[in-house]
Amino acid sequence: MKNKSKFSSSIALLFRYHPEFGALAGLVLVFIIFCFTATRFLSIESIAGIVTVASELGIIAAGVTFLMITGEFDLSVGTTFGFSAMILAITAKAGIPLWIGFLLALSAAFFIGLVNGIITVKYKIPSFITTLGAMMFWRGILLAVTGGFAIRYWGTSSFLYGLNGHFLGELRTSAIWFFAIIFLLNVILVKTPYGNATYATGGNKEAARILGISVDKIKITNFIICAMLAGLAGCIQFARFHSVDPIRGTGMELEAIAAVVVGGTLMNGGYGNLIGTLFGVLLMGMVRSGLIMSGAPAYWYQAFIGIILVLAVIINTKLKGWAIK
Amino acid sequence: MRDFSKNRIIFLFVIVCLTTLLFGGIVEAKTFNFYVVSHGGPGDPFWGVVMKGMKEGAEAITKGTDDTIKAIYSGPAKYSVEELVNMLNSAIATKPDGIAVTITDTAALDAPLRKAIAAGIPVIAINVPDPRPEAERIPYLFYVGGDEYLSGKKAAQRILAVRKPKKAVVTVHEIGHMGLELRAKGFIEVMTANGVPAEKLATYLDPTQAIEILKGYFAKNPDTDAIFSLGSIDSAYVITFLKEQGLDGKVIHGGFDVSEEVVHSIKEGTTLFTISQQQYLQGYLPMQFLYLLNKYKFLPANDVLTGPGFIDASNVKSVEELVMQKFW
């Protein structure tokens, strides 16, 4: 700290306590670039579109953030997303009231998260492996049960509208859910003892244990939160399309992890927050929309996300190293 | 005494008859193992119908003859050429009595298939043929499936017959799939030849993102008034997109493959047509052909084209029920 000027010390402090700052800087930069290159990028439709994509991915990513701060991974969120949506679709089609189907879908997600957590914690195997297995297993069940066919529900209801309907023109209620979840989880993370325990579990497990934190319980709970949010996102998407195919959600786990990492959360735990994830998902949605509106072939999207991901991690790591010095 | 010997003769006669029937049956009856190896996993509704065709084709033989058909379907859950090759190699290793396979990637499938054919395993191409000239292509017996390139051309002609669009776009949900690329090629060629600019747009698999991609594309190209979607998954997104944006009726939509949603959309008038390869036949017929080949050495003289067939307002009612029963 001695070598730094007062100004750079305050910047260092900013990065130390605000992991989201890098993602926000990236978001602003990308936004400015696209304002010049993309047609109709600065329109309400375009911004609403970015928020809509960010909402579903972001609800998943919020759970992934929580879990990643605890030092664990969940690769099965894409599958849980599809699995819960399918349960809601099947029950809706069978004429069961939607709110019961919704609760069943969330219960299934709860169960998937619980099993992921218990196996990871009790058998001390990397969550990367546990959840990779879960991803394959539950997707397999989904394929076997549906025989590969999509389920289409033809009814309409205010319940589904509440989950993901239109309001104020181009905006969708999924955005309300998304912002509410980000806000709520961030309050839990930053202001409550549970949030402290989550950081401590991911930062230094032994120290956390000595402080009397039940590390295993915290981890299992966060696995459940992560899975249930993925399930909720699946139901929210179903509410808009009224149909689910059995490969729904494939690849979403990686997009969610990418968004969380871009948002400044460290993969080995102990550092990160929800605001960073909010900026991370918005950044990813913006890159996709912006590229298409700039006239770049949609095939380029993945290549750009790849570059942004690696750049973001390099910058975040450097900044964090510098800020802590 | 006389009664006793008479009974004994009848008894012996019955035993001889039963034995002949029983052993005759055992000697004649055989079990044939057939594989369907495809690039499409059980998650794609299109392949669900092929699987149903395969299962019912095999069952029809097992029920109707003394022989038994064991039919096994394998395909990667997510499009992957490597996994397709691995699955094919596993199938070949069991030395089956026949394989029906999709030639999605000639470079990757050439070597394993030539090896299988050299080892005497009958190979039928289904769904996607080897597009190279006959002298260069994998020497499979024949092809059962649609003609992708022709389908794309017909789709463009069908749209042009209604109205000449200002600009047309083709949505691609599985990038790099040769069959989809051929459909797009046929479509774009006919459109371009008629003075309509047309191009491909990658939409991927997630519906929310696909719709935003379409919205972005329409913001950049607002004069687009025709969409050709290459499969039932992206047809569903396109239909939702058109309805949400109030573009149904203004933008002509032609699709590929059949689903409950597309049928509904044709009835409503949002979708003009969808092309079917009648893919049930791509599962059913290989079972029959491979059986007839193994048993009686029969071979058809030519490829068997199962498509393109069109579903539009004129015939949608007659196939609707069959779509529900997963035949289409």
# chains A, B, ... in the order shown; residues from 1 in each chain; ligands from 1

call {"tool": "interface_residues", "arguments": {"of": "chain A", "to": "chain B", "cutoff": "6 Å", "atoms": "only C-alpha atoms", "output": "MDAnalysis selection string"}}
result
chainID A and resid 39 49 53 143 148:149 246:247 289 292:293 298

call {"tool": "residues_around", "arguments": {"residues": "Gly249 in chain A", "least_positions_apart": "2", "cutoff": "12 Å", "atoms": "only C-alpha atoms", "output": "mmCIF file with C-alpha atoms, in the first residue's frame"}}
result
data_model
loop_
_atom_site.group_PDB
_atom_site.id
_atom_site.type_symbol
_atom_site.label_atom_id
_atom_site.label_comp_id
_atom_site.auth_asym_id
_atom_site.auth_seq_id
_atom_site.Cartn_x
_atom_site.Cartn_y
_atom_site.Cartn_z
ATOM 1 C CA GLU A 56 -33.292 -16.803 -17.663
ATOM 2 C CA LEU A 57 -29.547 -17.351 -17.838
ATOM 3 C CA ILE A 60 -29.356 -19.970 -13.168
ATOM 4 C CA LEU A 75 -22.572 -28.725 -14.181
ATOM 5 C CA SER A 76 -26.067 -30.185 -13.920
ATOM 6 C CA VAL A 77 -27.934 -26.855 -13.924
ATOM 7 C CA GLY A 78 -28.725 -27.100 -17.656
ATOM 8 C CA THR A 79 -30.224 -30.534 -17.127
ATOM 9 C CA THR A 80 -32.123 -29.421 -13.998
ATOM 10 C CA PHE A 81 -33.470 -26.493 -16.045
ATOM 11 C CA GLY A 82 -34.841 -28.899 -18.689
ATOM 12 C CA PHE A 83 -35.984 -31.507 -16.145
ATOM 13 C CA SER A 84 -38.075 -29.095 -14.071
ATOM 14 C CA ALA A 85 -39.573 -27.504 -17.172
ATOM 15 C CA MET A 86 -40.534 -30.962 -18.414
ATOM 16 C CA MET A 135 -26.032 -33.889 -15.733
ATOM 17 C CA ARG A 139 -30.773 -35.888 -18.961
ATOM 18 C CA LEU A 142 -35.551 -37.095 -19.380
ATOM 19 C CA ALA A 230 -32.138 -23.626 -12.301
ATOM 20 C CA GLY A 231 -35.504 -25.376 -11.922
ATOM 21 C CA ALA A 233 -35.585 -20.690 -14.648
ATOM 22 C CA GLY A 234 -36.788 -23.782 -16.546
ATOM 23 C CA CYS A 235 -40.380 -23.179 -15.395
ATOM 24 C CA GLN A 237 -38.965 -20.401 -19.857
ATOM 25 C CA PHE A 238 -41.791 -22.941 -20.186
ATOM 26 C CA VAL A 244 -40.352 -28.220 -23.761
ATOM 27 C CA ASP A 245 -38.128 -30.509 -25.782
ATOM 28 C CA PRO A 246 -35.989 -33.039 -23.917
ATOM 29 C CA ILE A 247 -32.710 -31.332 -24.844
ATOM 30 C CA GLY A 251 -25.055 -26.156 -22.782
ATOM 31 C CA MET A 252 -26.600 -23.643 -20.380
ATOM 32 C CA GLU A 253 -24.375 -24.792 -17.529
ATOM 33 C CA LEU A 254 -21.298 -23.566 -19.376
ATOM 34 C CA GLU A 255 -22.889 -20.258 -20.325
ATOM 35 C CA ALA A 256 -23.901 -19.749 -16.699
ATOM 36 C CA GLY B 43 -33.724 -36.131 -27.675
ATOM 37 C CA LYS B 78 -26.092 -33.839 -28.594
ATOM 38 C CA TYR B 204 -28.755 -22.592 -31.714
ATOM 39 C CA LEU B 205 -30.981 -24.583 -29.376
ATOM 40 C CA ASP B 206 -32.203 -22.300 -26.613
ATOM 41 C CA PRO B 207 -35.583 -20.739 -27.546
ATOM 42 C CA THR B 208 -35.180 -17.479 -25.615
ATOM 43 C CA GLN B 209 -31.824 -16.813 -27.228
#

call {"tool": "select_by_dssp", "arguments": {"residues": "range 34-154 of chain A", "states": "helix (DSSP H, G or I)", "output": "ChimeraX atom specification"}}
result
/A:34-37,44-69,77-93,98-122,127-146

call {"tool": "select_by_dssp", "arguments": {"residues": "range 112-242 of chain B", "states": "strand (DSSP E or B)", "output": "list in words"}}
result
Val123, Ile124, Ala125, Ile126, Tyr143, Val144, Gly145, Ala168, Val169, Val170, Thr171, Val172, Ala198, Glu199, Lys200, Leu201, Ala202, Ala226, Ile227, Phe228 and Ser229 of chain B

call {"tool": "residues_around", "arguments": {"residues": "range 190-201 of chain A", "least_positions_apart": "3", "cutoff": "12 Å", "atoms": "only C-alpha atoms", "output": "PyMOL selection string"}}
result
chain A and resi 17-18+65-72+182-187+204-223+265-266+268-275

call {"tool": "write_last_selection", "arguments": {"atoms": "N, CA and C atoms", "output": "compact mmCIF listing (two decimals), in the first residue's frame"}}
result
# COMPACT_ATOMS: atom_id res chain seq x y z
N TYR A 17 -13.12 -4.89 -2.83
CA TYR A 17 -14.44 -5.14 -2.26
C TYR A 17 -15.56 -5.19 -3.31
N HIS A 18 -15.21 -4.88 -4.54
CA HIS A 18 -16.23 -4.92 -5.59
C HIS A 18 -15.76 -5.72 -6.80
N THR A 65 -23.40 -18.73 -8.85
CA THR A 65 -22.51 -17.81 -8.13
C THR A 65 -22.42 -18.20 -6.65
N PHE A 66 -23.58 -18.40 -6.06
CA PHE A 66 -23.64 -18.77 -4.65
C PHE A 66 -22.78 -20.00 -4.38
N LEU A 67 -22.97 -20.98 -5.27
CA LEU A 67 -22.26 -22.25 -5.09
C LEU A 67 -20.77 -22.07 -5.34
N MET A 68 -20.43 -21.24 -6.34
CA MET A 68 -19.02 -21.06 -6.68
C MET A 68 -18.28 -20.33 -5.56
N ILE A 69 -18.99 -19.42 -4.87
CA ILE A 69 -18.36 -18.73 -3.74
C ILE A 69 -18.05 -19.73 -2.63
N THR A 70 -18.89 -20.78 -2.53
CA THR A 70 -18.61 -21.84 -1.55
C THR A 70 -17.48 -22.74 -2.03
N GLY A 71 -17.00 -22.52 -3.24
CA GLY A 71 -15.90 -23.33 -3.77
C GLY A 71 -16.36 -24.56 -4.52
N GLU A 72 -17.63 -24.61 -4.93
CA GLU A 72 -18.12 -25.79 -5.65
C GLU A 72 -18.73 -25.39 -6.99
N ILE A 182 -31.63 -11.59 -7.74
CA ILE A 182 -30.28 -11.03 -7.58
C ILE A 182 -30.22 -10.16 -6.32
N PHE A 183 -31.25 -9.34 -6.15
CA PHE A 183 -31.28 -8.43 -5.00
C PHE A 183 -31.33 -9.22 -3.69
N LEU A 184 -32.27 -10.17 -3.63
CA LEU A 184 -32.46 -10.96 -2.42
C LEU A 184 -31.20 -11.75 -2.06
N LEU A 185 -30.63 -12.43 -3.05
CA LEU A 185 -29.46 -13.25 -2.78
C LEU A 185 -28.27 -12.38 -2.40
N ASN A 186 -28.18 -11.20 -3.00
CA ASN A 186 -27.06 -10.33 -2.66
C ASN A 186 -27.18 -9.83 -1.23
N VAL A 187 -28.41 -9.55 -0.80
CA VAL A 187 -28.61 -9.15 0.60
C VAL A 187 -28.21 -10.29 1.52
N ASN A 204 -11.68 -20.26 3.28
CA ASN A 204 -10.78 -21.11 4.05
C ASN A 204 -11.63 -22.05 4.90
N LYS A 205 -11.74 -23.28 4.38
CA LYS A 205 -12.64 -24.25 4.98
C LYS A 205 -12.28 -24.52 6.45
N GLU A 206 -10.99 -24.69 6.71
CA GLU A 206 -10.57 -25.07 8.06
C GLU A 206 -10.86 -23.94 9.05
N ALA A 207 -10.53 -22.72 8.60
CA ALA A 207 -10.81 -21.56 9.46
C ALA A 207 -12.30 -21.47 9.73
N ALA A 208 -13.10 -21.74 8.70
CA ALA A 208 -14.55 -21.69 8.85
C ALA A 208 -15.01 -22.72 9.88
N ARG A 209 -14.42 -23.91 9.81
CA ARG A 209 -14.80 -24.97 10.76
C ARG A 209 -14.46 -24.55 12.18
N ILE A 210 -13.27 -23.96 12.32
CA ILE A 210 -12.83 -23.53 13.65
C ILE A 210 -13.79 -22.47 14.20
N LEU A 211 -14.29 -21.63 13.29
CA LEU A 211 -15.25 -20.60 13.71
C LEU A 211 -16.63 -21.17 14.03
N GLY A 212 -16.74 -22.49 13.89
CA GLY A 212 -18.00 -23.14 14.24
C GLY A 212 -19.01 -23.16 13.11
N ILE A 213 -18.55 -22.92 11.88
CA ILE A 213 -19.47 -22.97 10.74
C ILE A 213 -19.58 -24.42 10.25
N SER A 214 -20.80 -24.85 10.05
CA SER A 214 -20.99 -26.21 9.55
C SER A 214 -20.80 -26.19 8.02
N VAL A 215 -19.55 -26.40 7.62
CA VAL A 215 -19.17 -26.27 6.21
C VAL A 215 -20.02 -27.17 5.31
N ASP A 216 -20.23 -28.41 5.75
CA ASP A 216 -20.98 -29.37 4.94
C ASP A 216 -22.42 -28.89 4.71
N LYS A 217 -23.02 -28.40 5.80
CA LYS A 217 -24.41 -27.94 5.71
C LYS A 217 -24.53 -26.76 4.74
N ILE A 218 -23.58 -25.84 4.86
CA ILE A 218 -23.59 -24.65 3.98
C ILE A 218 -23.48 -25.11 2.52
N LYS A 219 -22.58 -26.05 2.27
CA LYS A 219 -22.38 -26.51 0.89
C LYS A 219 -23.64 -27.18 0.35
N ILE A 220 -24.19 -28.09 1.14
CA ILE A 220 -25.39 -28.81 0.68
C ILE A 220 -26.53 -27.81 0.41
N THR A 221 -26.70 -26.84 1.33
CA THR A 221 -27.75 -25.84 1.14
C THR A 221 -27.53 -25.07 -0.16
N ASN A 222 -26.29 -24.71 -0.44
CA ASN A 222 -26.02 -23.94 -1.65
C ASN A 222 -26.20 -24.79 -2.92
N PHE A 223 -25.93 -26.07 -2.82
CA PHE A 223 -26.23 -26.97 -3.96
C PHE A 223 -27.74 -26.95 -4.23
N THR A 265 -16.44 -13.54 -10.07
CA THR A 265 -16.40 -14.53 -9.00
C THR A 265 -15.24 -15.50 -9.26
N LEU A 266 -14.50 -15.80 -8.20
CA LEU A 266 -13.35 -16.70 -8.38
C LEU A 266 -13.80 -18.15 -8.40
N ASN A 268 -12.26 -20.79 -7.51
CA ASN A 268 -11.94 -21.62 -6.34
C ASN A 268 -12.60 -21.12 -5.05
N GLY A 269 -13.49 -20.17 -5.18
CA GLY A 269 -14.33 -19.82 -4.04
C GLY A 269 -13.83 -18.66 -3.20
N GLY A 270 -14.71 -18.18 -2.30
CA GLY A 270 -14.33 -17.17 -1.33
C GLY A 270 -14.43 -15.72 -1.81
N TYR A 271 -14.64 -15.52 -3.10
CA TYR A 271 -14.63 -14.15 -3.64
C TYR A 271 -15.64 -14.05 -4.77
N GLY A 272 -16.40 -12.99 -4.76
CA GLY A 272 -17.38 -12.78 -5.83
C GLY A 272 -18.68 -12.26 -5.28
N ASN A 273 -19.57 -11.80 -6.14
CA ASN A 273 -20.91 -11.42 -5.68
C ASN A 273 -21.93 -11.45 -6.82
N LEU A 274 -23.16 -11.18 -6.47
CA LEU A 274 -24.26 -11.30 -7.41
C LEU A 274 -24.31 -10.16 -8.41
N ILE A 275 -23.85 -8.98 -8.00
CA ILE A 275 -23.91 -7.82 -8.89
C ILE A 275 -22.98 -8.08 -10.08

call {"tool": "residues_around", "arguments": {"residues": "Leu281 in chain B", "least_positions_apart": "6", "cutoff": "12 Å", "atoms": "only C-alpha atoms", "output": "MDAnalysis selection string"}}
result
chainID B and resid 46:47 49:57 126:127 143:146 287:289 304:307 327:328

call {"tool": "residues_around", "arguments": {"residues": "range 154-156 of chain A", "least_positions_apart": "4", "cutoff": "9 Å", "atoms": "only C-alpha atoms", "output": "number ranges by chain"}}
result
A: 92-93, 160-161, 242-243

call {"tool": "closest_residue", "arguments": {"among": "A:Gly169, A:Gly101, A:Gly26, A:Gly113", "to": "Gly63 in chain A", "atoms": "only C-alpha atoms"}}
result
A:Gly113

call {"tool": "atom_distance", "arguments": {"atom1": "CA of Asp67 in chain B", "atom2": "CA of Gln282 in chain B"}}
result
21.5 Å

call {"tool": "closest_residue", "arguments": {"among": "B:Thr94, B:Ser235, B:Thr106, B:Ser276", "to": "Ile121 in chain B", "atoms": "only C-alpha atoms"}}
result
B:Thr94

call {"tool": "residues_around", "arguments": {"residues": "Thr104 in chain B", "least_positions_apart": "6", "cutoff": "7 Å", "atoms": "only C-alpha atoms", "output": "PyMOL selection string"}}
result
chain B and resi 39+128+177-178

call {"tool": "residues_around", "arguments": {"residues": "range 61-65 of chain B", "least_positions_apart": "3", "cutoff": "12 Å", "atoms": "only C-alpha atoms", "output": "ChimeraX atom specification"}}
result
/B:25,28-33,54-58,68-71,284-292,295

call {"tool": "write_last_selection", "arguments": {"atoms": "N, CA and C atoms", "output": "compact mmCIF listing (two decimals), in the first residue's frame"}}
result
# COMPACT_ATOMS: atom_id res chain seq x y z
N GLY B 25 -39.00 -75.98 -36.57
CA GLY B 25 -39.05 -74.57 -36.18
C GLY B 25 -37.71 -74.09 -35.69
N GLU B 28 -35.14 -73.63 -38.51
CA GLU B 28 -35.42 -72.53 -39.43
C GLU B 28 -35.30 -71.16 -38.75
N ALA B 29 -35.84 -71.05 -37.53
CA ALA B 29 -35.92 -69.73 -36.90
C ALA B 29 -34.54 -69.20 -36.56
N LYS B 30 -34.34 -67.92 -36.83
CA LYS B 30 -33.03 -67.30 -36.58
C LYS B 30 -33.24 -65.94 -35.93
N THR B 31 -32.20 -65.49 -35.23
CA THR B 31 -32.26 -64.14 -34.68
C THR B 31 -31.30 -63.26 -35.47
N PHE B 32 -31.80 -62.14 -35.94
CA PHE B 32 -30.95 -61.19 -36.67
C PHE B 32 -30.75 -59.94 -35.83
N ASN B 33 -29.51 -59.47 -35.78
CA ASN B 33 -29.21 -58.25 -35.03
C ASN B 33 -28.97 -57.08 -36.00
N MET B 54 -38.37 -48.02 -36.55
CA MET B 54 -37.44 -49.14 -36.42
C MET B 54 -38.04 -50.24 -35.54
N LYS B 55 -38.58 -49.82 -34.41
CA LYS B 55 -39.13 -50.76 -33.43
C LYS B 55 -40.30 -51.53 -34.05
N GLU B 56 -41.20 -50.80 -34.73
CA GLU B 56 -42.38 -51.46 -35.28
C GLU B 56 -42.03 -52.29 -36.50
N GLY B 57 -41.01 -51.85 -37.26
CA GLY B 57 -40.54 -52.65 -38.40
C GLY B 57 -39.97 -53.98 -37.93
N ALA B 58 -39.21 -53.92 -36.85
CA ALA B 58 -38.61 -55.14 -36.30
C ALA B 58 -39.69 -56.05 -35.71
N THR B 68 -36.54 -63.78 -35.38
CA THR B 68 -36.59 -62.68 -34.41
C THR B 68 -35.63 -61.58 -34.85
N ILE B 69 -36.10 -60.34 -34.78
CA ILE B 69 -35.23 -59.21 -35.11
C ILE B 69 -34.90 -58.48 -33.82
N LYS B 70 -33.61 -58.33 -33.57
CA LYS B 70 -33.19 -57.49 -32.43
C LYS B 70 -32.67 -56.19 -33.02
N ALA B 71 -33.40 -55.12 -32.80
CA ALA B 71 -33.01 -53.83 -33.38
C ALA B 71 -32.52 -52.90 -32.28
N TYR B 284 -38.40 -47.92 -40.34
CA TYR B 284 -39.17 -49.14 -40.64
C TYR B 284 -38.57 -49.92 -41.82
N LEU B 285 -38.35 -49.21 -42.94
CA LEU B 285 -37.91 -49.91 -44.16
C LEU B 285 -36.55 -50.60 -44.02
N PRO B 286 -35.54 -49.98 -43.39
CA PRO B 286 -34.26 -50.70 -43.26
C PRO B 286 -34.40 -52.05 -42.56
N MET B 287 -35.31 -52.14 -41.57
CA MET B 287 -35.53 -53.43 -40.89
C MET B 287 -36.03 -54.47 -41.90
N GLN B 288 -37.00 -54.04 -42.71
CA GLN B 288 -37.58 -54.95 -43.71
C GLN B 288 -36.53 -55.32 -44.76
N PHE B 289 -35.84 -54.30 -45.27
CA PHE B 289 -34.85 -54.55 -46.33
C PHE B 289 -33.71 -55.43 -45.82
N LEU B 290 -33.21 -55.13 -44.62
CA LEU B 290 -32.09 -55.91 -44.10
C LEU B 290 -32.51 -57.36 -43.84
N TYR B 291 -33.76 -57.53 -43.40
CA TYR B 291 -34.27 -58.89 -43.17
C TYR B 291 -34.39 -59.65 -44.49
N LEU B 292 -35.01 -58.99 -45.47
CA LEU B 292 -35.20 -59.64 -46.77
C LEU B 292 -33.86 -59.97 -47.43
N LYS B 295 -32.33 -62.95 -45.38
CA LYS B 295 -33.11 -64.18 -45.50
C LYS B 295 -33.19 -64.66 -46.96

call {"tool": "decode", "arguments": {"residues": "range 314-327 of chain B", "atoms": "C-alpha atoms", "output": "PDB file, in the first residue's frame"}}
result
ATOM      1  CA  SER B 314     -54.596 -28.907 -48.164  1.00  0.00           C
ATOM      2  CA  ASN B 315     -53.708 -32.065 -46.222  1.00  0.00           C
ATOM      3  CA  VAL B 316     -53.029 -30.950 -42.660  1.00  0.00           C
ATOM      4  CA  LYS B 317     -56.322 -32.324 -41.327  1.00  0.00           C
ATOM      5  CA  SER B 318     -55.691 -35.827 -42.637  1.00  0.00           C
ATOM      6  CA  VAL B 319     -52.270 -36.188 -40.980  1.00  0.00           C
ATOM      7  CA  GLU B 320     -53.054 -34.369 -37.741  1.00  0.00           C
ATOM      8  CA  GLU B 321     -54.184 -37.479 -35.877  1.00  0.00           C
ATOM      9  CA  LEU B 322     -51.142 -39.418 -37.124  1.00  0.00           C
ATOM     10  CA  VAL B 323     -48.853 -36.673 -35.840  1.00  0.00           C
ATOM     11  CA  MET B 324     -50.364 -37.137 -32.363  1.00  0.00           C
ATOM     12  CA  GLN B 325     -49.652 -40.850 -32.665  1.00  0.00           C
ATOM     13  CA  LYS B 326     -46.013 -40.034 -33.542  1.00  0.00           C
ATOM     14  CA  PHE B 327     -46.010 -41.518 -37.018  1.00  0.00           C
TER      15      PHE B 327
END
